[in-house]
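Have a look at the structure below, then the notes.
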Amino acid sequence: MISVRNVRKAFGANPVLRDVSFDVAAGEVVCLIGPSGSGKSTVLRCINGLEAHDAGTVTVDGLELSRETRRAVRGRLAMVFQRFNLFPHRTVLENIVEGPVHAQGRPAAEAAAEARALLEKVGLSDKAGAMPASLSGGQQQRVGIARALAMRPKAILFDEPTSALDPERVGYVLRIMRDLAEEGMTMVVVTHEMGFARDVADRVLFMDGGRIVESGKARELLTAPREARTRAFLDRVLNPL
Amino acid sequence: MEDFLGRSIEFLPLLWKGVLVTIQVTVGALLLSIVLGFVWALMGRSRLGPVRMISRTVINVIRGIPIIVQLFYVYFVLPEFGLSLDALAAGVVGLGVAYSVYQAENFRAGFESVDPALVEAAESLGLSERKILQRLLLPLAVRTALPPFGNTSIMLLKDSSIASTITVAELTRAGQLLAVSTFQNMTVYTLIALLYLAMSLPLTLAVHQLERRMKR
């Protein structure tokens with residue numbers, strides 16, 4: 001579904017991705033973990049062309065990402081952001097139909113009906129007419145997920161979807177993501193939620209210094225990492241004191 | 001005081017024509033300044049360096065020349081290049097161009113106030129650049145630009161009096177002529193001041209209303 005091959009990326013003289021390669025199969029859930037600045041968010045942003053990679057190839061659903069194909073690739077993906085990035089001047093429902101109607105050209109009535117069903121799915125059917133600013137962070141992120149699903153994407157990219165939430169709001173969002181995974185959605189998730197990675201991900205990639213240091217089945221990598229750097233990172237994250 | 005009221009009733013019909021011309025100049029110049037200002041602001045966001053440079057240069061040059069000199073230039077100098085405008089048109093063009101750079105700066109501040117993360121969200125939905133401009137940048141930029149826009153509009157209303165220097169018979173010039181012929185300086189200039197206020201206060205209120213509507 002998604003294939004990242006030998007991708008390199010530098011911001012000025014500062015290399016953030018040094019030769020990153022991995023694949024995500026259809027229906028697979030892959031979590032990217034690692035310290036801040038390791039390049040995991042940048043990898044995600046290279047997949048849908050929010051960042052242009054300097055070298056290597058990114059292929060989504062058989063389509064190689066380039067300047068020309070960028071919009072077509074984005075039409076097959078959806079992204080959920082750490083800070084939600086809902087459009088503040090539009091209602092919840094308008095946020096959700098924005099992509100289907102104004103990028104995909106689907107009929108407004110059909111998109112609205114689908115949006116209401118998606119709001120139901122994320123437990124916000126009473127918020128269709130609300131403005132994003134009137135919602136809590138957790139509710140906004142659920143709208144963010146509904147907005148992503150409304151694109152009928154082949155895969156969803158999650159960029160630290162729960163990092164900006166109050167701790168007691170994290171669970172609801174993670175449960176929605178787990179349900180999506182169980183329904184067979186292809187997902188690439190940058191996260192610090194090790195519990196989610198262990199229970200939901202098929203595979204975990206550990207990144208450090210712009211490289212994938214280690215990758216493997218979620219439970220194996222998280223409980224018995226082979227690399228010293230992975231061990232050190234997990235030790236710090238799981239035992240912060 | 002009685003004198004003032006009596007003379008006011010006599011003078012107001014004479015000044016009324018001036019009010020109408022002032023409104024014409026202000027509205028015409030305002031519309032032109034918005035359109036041109038939007039063009040400068042868009043050029044300032046271009047991916048092409050030279051286009052951005054043209055926009056910056058235009059803004060800095062026009063902003064650096066007194067409006068009265070610009071009006072003289074349009075009215076007295078452009079005819080030598082074969083472009084003759086009557087006084088009213090010259091006033092509208094001169095003030096519209098002069099004010100376009102302030103509008104451009106209002107728009108620019110509006111565009112810059114939009115969180116780039118929202119643009120990324122729109123991009124990741126696959127919206128085209130044009131749709132992103134129409135549906136995201138413009139509505140959000142206008143909200144931020146509205147208060148300074150109101151300010152600019154009121155300044156333009158008052159500066160329309162500069163058009164009197166190129167013989168446009170707007171309120172200030174109508175008043176000057178009246179004052180010279182009647183020697184009633186106090187009555188005439190007080191009336192003029194009150195008439196400008198009567199135009200600017202509703203404008204202020206209208207902008208306030210718009211701001212409140214847009215905040216929802």
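Every chain in the structure tokens has a letter given in the order shown (A, B, ...), and although residue numbers restart at 1 in each chain, ligands are simply numbered from 1 in the order shown.
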Would you give me, as a ChimeraX atom specification, the residues of chain A that come within 8 Å of chain B, using only C-alpha atoms? /A:48,50,71-72,74-75,77-79,81,85-87,89,99,102-104,148,151
Let me see the file: selected residues, N, CA, C and O atoms, as a PDB file, in the first residue's frame.
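Dumped to selection05.pdb:
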```
ATOM      1  N   ASN A  48       2.718  12.034   2.357  1.00  0.00           N
ATOM      2  CA  ASN A  48       1.666  12.727   1.600  1.00  0.00           C
ATOM      3  C   ASN A  48       2.152  14.051   1.011  1.00  0.00           C
ATOM      4  O   ASN A  48       1.361  14.896   0.611  1.00  0.00           O
ATOM      5  N   LEU A  50       3.615  16.700   2.255  1.00  0.00           N
ATOM      6  CA  LEU A  50       3.661  17.975   2.972  1.00  0.00           C
ATOM      7  C   LEU A  50       5.107  18.446   3.066  1.00  0.00           C
ATOM      8  O   LEU A  50       5.379  19.638   3.139  1.00  0.00           O
ATOM      9  N   ARG A  71      -1.327  15.735  -5.562  1.00  0.00           N
ATOM     10  CA  ARG A  71      -2.732  15.848  -5.173  1.00  0.00           C
ATOM     11  C   ARG A  71      -3.459  14.511  -5.303  1.00  0.00           C
ATOM     12  O   ARG A  71      -4.338  14.194  -4.504  1.00  0.00           O
ATOM     13  N   ALA A  72      -3.084  13.733  -6.314  1.00  0.00           N
ATOM     14  CA  ALA A  72      -3.717  12.420  -6.477  1.00  0.00           C
ATOM     15  C   ALA A  72      -3.358  11.518  -5.299  1.00  0.00           C
ATOM     16  O   ALA A  72      -4.212  10.782  -4.777  1.00  0.00           O
ATOM     17  N   ARG A  74      -2.580  12.529  -2.298  1.00  0.00           N
ATOM     18  CA  ARG A  74      -3.313  13.021  -1.121  1.00  0.00           C
ATOM     19  C   ARG A  74      -4.770  12.592  -1.145  1.00  0.00           C
ATOM     20  O   ARG A  74      -5.394  12.435  -0.096  1.00  0.00           O
ATOM     21  N   GLY A  75      -5.315  12.416  -2.359  1.00  0.00           N
ATOM     22  CA  GLY A  75      -6.697  11.960  -2.472  1.00  0.00           C
ATOM     23  C   GLY A  75      -6.869  10.534  -1.974  1.00  0.00           C
ATOM     24  O   GLY A  75      -7.981  10.117  -1.666  1.00  0.00           O
ATOM     25  N   LEU A  77      -5.009   9.310   0.620  1.00  0.00           N
ATOM     26  CA  LEU A  77      -4.590   9.265   2.021  1.00  0.00           C
ATOM     27  C   LEU A  77      -5.401  10.272   2.819  1.00  0.00           C
ATOM     28  O   LEU A  77      -6.053  11.143   2.265  1.00  0.00           O
ATOM     29  N   ALA A  78      -5.323  10.147   4.124  1.00  0.00           N
ATOM     30  CA  ALA A  78      -5.860  11.196   4.980  1.00  0.00           C
ATOM     31  C   ALA A  78      -4.892  11.344   6.133  1.00  0.00           C
ATOM     32  O   ALA A  78      -4.114  10.432   6.413  1.00  0.00           O
ATOM     33  N   MET A  79      -4.920  12.502   6.769  1.00  0.00           N
ATOM     34  CA  MET A  79      -3.968  12.725   7.851  1.00  0.00           C
ATOM     35  C   MET A  79      -4.700  13.268   9.073  1.00  0.00           C
ATOM     36  O   MET A  79      -5.602  14.097   8.953  1.00  0.00           O
ATOM     37  N   PHE A  81      -3.862  15.208  12.693  1.00  0.00           N
ATOM     38  CA  PHE A  81      -2.748  16.013  13.200  1.00  0.00           C
ATOM     39  C   PHE A  81      -2.733  16.076  14.718  1.00  0.00           C
ATOM     40  O   PHE A  81      -3.771  15.972  15.375  1.00  0.00           O
ATOM     41  N   ASN A  85      -5.962  20.807  13.833  1.00  0.00           N
ATOM     42  CA  ASN A  85      -6.015  21.638  12.625  1.00  0.00           C
ATOM     43  C   ASN A  85      -7.389  21.640  11.969  1.00  0.00           C
ATOM     44  O   ASN A  85      -7.505  21.570  10.752  1.00  0.00           O
ATOM     45  N   LEU A  86      -8.420  21.753  12.786  1.00  0.00           N
ATOM     46  CA  LEU A  86      -9.764  21.930  12.208  1.00  0.00           C
ATOM     47  C   LEU A  86      -9.881  23.361  11.697  1.00  0.00           C
ATOM     48  O   LEU A  86      -9.231  24.265  12.214  1.00  0.00           O
ATOM     49  N   PHE A  87     -10.725  23.552  10.674  1.00  0.00           N
ATOM     50  CA  PHE A  87     -10.903  24.896  10.128  1.00  0.00           C
ATOM     51  C   PHE A  87     -11.797  25.692  11.077  1.00  0.00           C
ATOM     52  O   PHE A  87     -12.959  25.341  11.263  1.00  0.00           O
ATOM     53  N   HIS A  89     -13.328  28.492  11.043  1.00  0.00           N
ATOM     54  CA  HIS A  89     -14.477  29.282  10.592  1.00  0.00           C
ATOM     55  C   HIS A  89     -15.595  28.399  10.052  1.00  0.00           C
ATOM     56  O   HIS A  89     -16.573  28.908   9.522  1.00  0.00           O
ATOM     57  N   GLY A  99     -13.240  18.115   2.376  1.00  0.00           N
ATOM     58  CA  GLY A  99     -12.451  17.325   1.433  1.00  0.00           C
ATOM     59  C   GLY A  99     -13.315  16.607   0.403  1.00  0.00           C
ATOM     60  O   GLY A  99     -13.105  16.742  -0.805  1.00  0.00           O
ATOM     61  N   HIS A 102     -15.095  19.505  -1.819  1.00  0.00           N
ATOM     62  CA  HIS A 102     -14.311  20.521  -2.521  1.00  0.00           C
ATOM     63  C   HIS A 102     -12.983  20.012  -3.082  1.00  0.00           C
ATOM     64  O   HIS A 102     -12.349  20.706  -3.855  1.00  0.00           O
ATOM     65  N   ALA A 103     -12.577  18.796  -2.689  1.00  0.00           N
ATOM     66  CA  ALA A 103     -11.402  18.222  -3.340  1.00  0.00           C
ATOM     67  C   ALA A 103     -11.808  17.042  -4.221  1.00  0.00           C
ATOM     68  O   ALA A 103     -11.307  16.875  -5.318  1.00  0.00           O
ATOM     69  N   GLN A 104     -12.757  16.231  -3.727  1.00  0.00           N
ATOM     70  CA  GLN A 104     -13.135  15.038  -4.485  1.00  0.00           C
ATOM     71  C   GLN A 104     -14.356  15.263  -5.360  1.00  0.00           C
ATOM     72  O   GLN A 104     -14.701  14.402  -6.170  1.00  0.00           O
ATOM     73  N   ALA A 148     -10.885  12.755   8.438  1.00  0.00           N
ATOM     74  CA  ALA A 148      -9.981  11.876   7.688  1.00  0.00           C
ATOM     75  C   ALA A 148     -10.764  10.736   7.035  1.00  0.00           C
ATOM     76  O   ALA A 148     -10.580  10.428   5.862  1.00  0.00           O
ATOM     77  N   MET A 151     -12.745  11.119   3.735  1.00  0.00           N
ATOM     78  CA  MET A 151     -12.017  11.077   2.465  1.00  0.00           C
ATOM     79  C   MET A 151     -12.053   9.668   1.843  1.00  0.00           C
ATOM     80  O   MET A 151     -11.541   9.471   0.750  1.00  0.00           O
TER      81      MET A 151
END
```
From a DSSP pass on the backbone, collect the residues of region 1-118 of chain A flagged as alpha helix (DSSP H) and hand them back as a ChimeraX atom specification. /A:40-47,70-76,92-102,108-118
Hey, which bits of region 185-213 of chain B sit within 12 Å of region 3-11 of chain B, and for each residue what's the closest pair of atoms and how far apart in Å (one decimal), counting only C-alpha atoms, rows by chain and increasing number, as JSON lines?
```
{"residue": "B:Asn185", "atom": "CA", "partner": "B:Phe4", "partner_atom": "CA", "distance": 11.1}
{"residue": "B:Met186", "atom": "CA", "partner": "B:Phe4", "partner_atom": "CA", "distance": 8.8}
{"residue": "B:Thr187", "atom": "CA", "partner": "B:Phe4", "partner_atom": "CA", "distance": 6.1}
{"residue": "B:Val188", "atom": "CA", "partner": "B:Phe11", "partner_atom": "CA", "distance": 7.6}
{"residue": "B:Tyr189", "atom": "CA", "partner": "B:Ser8", "partner_atom": "CA", "distance": 10.9}
{"residue": "B:Thr190", "atom": "CA", "partner": "B:Phe4", "partner_atom": "CA", "distance": 9.6}
{"residue": "B:Leu191", "atom": "CA", "partner": "B:Ser8", "partner_atom": "CA", "distance": 7.4}
{"residue": "B:Ile192", "atom": "CA", "partner": "B:Phe11", "partner_atom": "CA", "distance": 10.4}
{"residue": "B:Leu194", "atom": "CA", "partner": "B:Ser8", "partner_atom": "CA", "distance": 11.3}
{"residue": "B:Leu195", "atom": "CA", "partner": "B:Ser8", "partner_atom": "CA", "distance": 11.6}
```
Residues within 10 Å of Met155 (chain B), please, as a list of chain:residue names. Count only C-alpha atoms; anything in the same chain fewer than 4 positions from it doesn't count.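 Returned residues: B:Thr26, B:Tyr99, B:Phe149, B:Gly150, B:Asn151, B:Asp159, B:Ser160, B:Ser200.
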Expected file: the selected residues, all heavy atoms, as a CSV table (one decimal), in the first residue's frame:
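Just written: out.csv:
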```csv
chain,number,residue,atom,x,y,z
B,26,THR,N,-15.0,58.5,-2.4
B,26,THR,CA,-14.6,57.6,-1.4
B,26,THR,C,-14.9,56.2,-1.8
B,26,THR,O,-14.0,55.3,-1.7
B,26,THR,CB,-15.3,57.9,0.0
B,26,THR,OG1,-14.9,59.2,0.3
B,26,THR,CG2,-14.8,57.0,1.1
B,99,TYR,N,-4.1,54.4,-1.8
B,99,TYR,CA,-4.6,53.6,-0.7
B,99,TYR,C,-4.4,52.1,-0.9
B,99,TYR,O,-4.5,51.3,0.0
B,99,TYR,CB,-6.0,54.0,-0.4
B,99,TYR,CG,-6.1,55.0,0.7
B,99,TYR,CD1,-5.8,56.3,0.5
B,99,TYR,CD2,-6.3,54.6,2.0
B,99,TYR,CE1,-5.8,57.3,1.5
B,99,TYR,CE2,-6.3,55.5,3.1
B,99,TYR,CZ,-6.1,56.8,2.8
B,99,TYR,OH,-6.0,57.7,3.8
B,149,PHE,N,-8.8,47.4,8.2
B,149,PHE,CA,-9.5,47.8,7.0
B,149,PHE,C,-10.5,49.0,7.3
B,149,PHE,O,-10.6,49.9,6.6
B,149,PHE,CB,-10.3,46.6,6.4
B,149,PHE,CG,-11.2,47.0,5.3
B,149,PHE,CD1,-10.7,47.3,4.0
B,149,PHE,CD2,-12.6,47.1,5.5
B,149,PHE,CE1,-11.6,47.6,3.0
B,149,PHE,CE2,-13.4,47.5,4.5
B,149,PHE,CZ,-12.9,47.8,3.2
B,150,GLY,N,-11.2,48.8,8.4
B,150,GLY,CA,-12.1,49.9,8.8
B,150,GLY,C,-11.4,51.2,9.1
B,150,GLY,O,-11.8,52.3,8.6
B,151,ASN,N,-10.3,51.1,9.7
B,151,ASN,CA,-9.4,52.3,10.0
B,151,ASN,C,-9.0,52.9,8.6
B,151,ASN,O,-9.1,54.1,8.5
B,151,ASN,CB,-8.2,51.7,10.7
B,151,ASN,CG,-7.5,52.8,11.5
B,151,ASN,OD1,-8.2,53.8,11.9
B,151,ASN,ND2,-6.2,52.7,11.7
B,159,ASP,N,-9.3,61.6,3.6
B,159,ASP,CA,-8.3,62.1,2.6
B,159,ASP,C,-9.0,62.4,1.3
B,159,ASP,O,-8.3,62.9,0.4
B,159,ASP,CB,-7.2,61.0,2.5
B,159,ASP,CG,-6.2,61.1,3.6
B,159,ASP,OD1,-6.3,62.1,4.4
B,159,ASP,OD2,-5.3,60.3,3.7
B,160,SER,N,-10.2,62.0,1.1
B,160,SER,CA,-10.9,62.4,-0.2
B,160,SER,C,-10.9,63.9,-0.3
B,160,SER,O,-11.1,64.4,-1.4
B,160,SER,CB,-12.3,61.8,-0.2
B,160,SER,OG,-13.1,62.4,0.7
B,200,SER,N,-18.4,59.4,8.7
B,200,SER,CA,-17.4,58.4,9.2
B,200,SER,C,-18.0,57.6,10.3
B,200,SER,O,-17.7,56.4,10.5
B,200,SER,CB,-16.2,59.1,9.7
B,200,SER,OG,-16.5,59.9,10.8
```
Proximity to Gly39 (chain A) - best of A:Thr59, A:Thr69, A:Asn14, A:Ser134, only C-alpha atoms: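 Among A:Thr59, A:Thr69, A:Asn14, A:Ser134, it is A:Asn14 that comes nearest to Gly39 (chain A).
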If you run DSSP on this backbone, which residues of region 13-144 of chain A come out as strand (DSSP E), and could you give them as a VMD selection string? chain A and resid 14 to 24 29 to 33 55 to 60 63 to 64 77 to 80
What's around region 182-186 of chain A at 8 Å? Count only C-alpha atoms, leave out sequence neighbours fewer than 5 positions away in its own chain, and write the answer as a PyMOL selection string. chain A and resi 24-29+154-156
Could you tell me which of A:Asn95, A:Thr42, A:Asn239, A:Ser215 comes closest to Ile145 (chain A) if we count only C-alpha atoms?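 Smallest separation from Ile145 (chain A) among the options: A:Asn95.
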Find the residues around Val97 (chain A) up to 7 Å (only C-alpha atoms counted), leave out those fewer than 4 positions away in its own chain, and share them as a count of residues only. 6
Mind giving me the straight-line distance from CA of Arg142 (chain A) to CA of Ala197 (chain A) in Å, one decimal? 19.1 Å
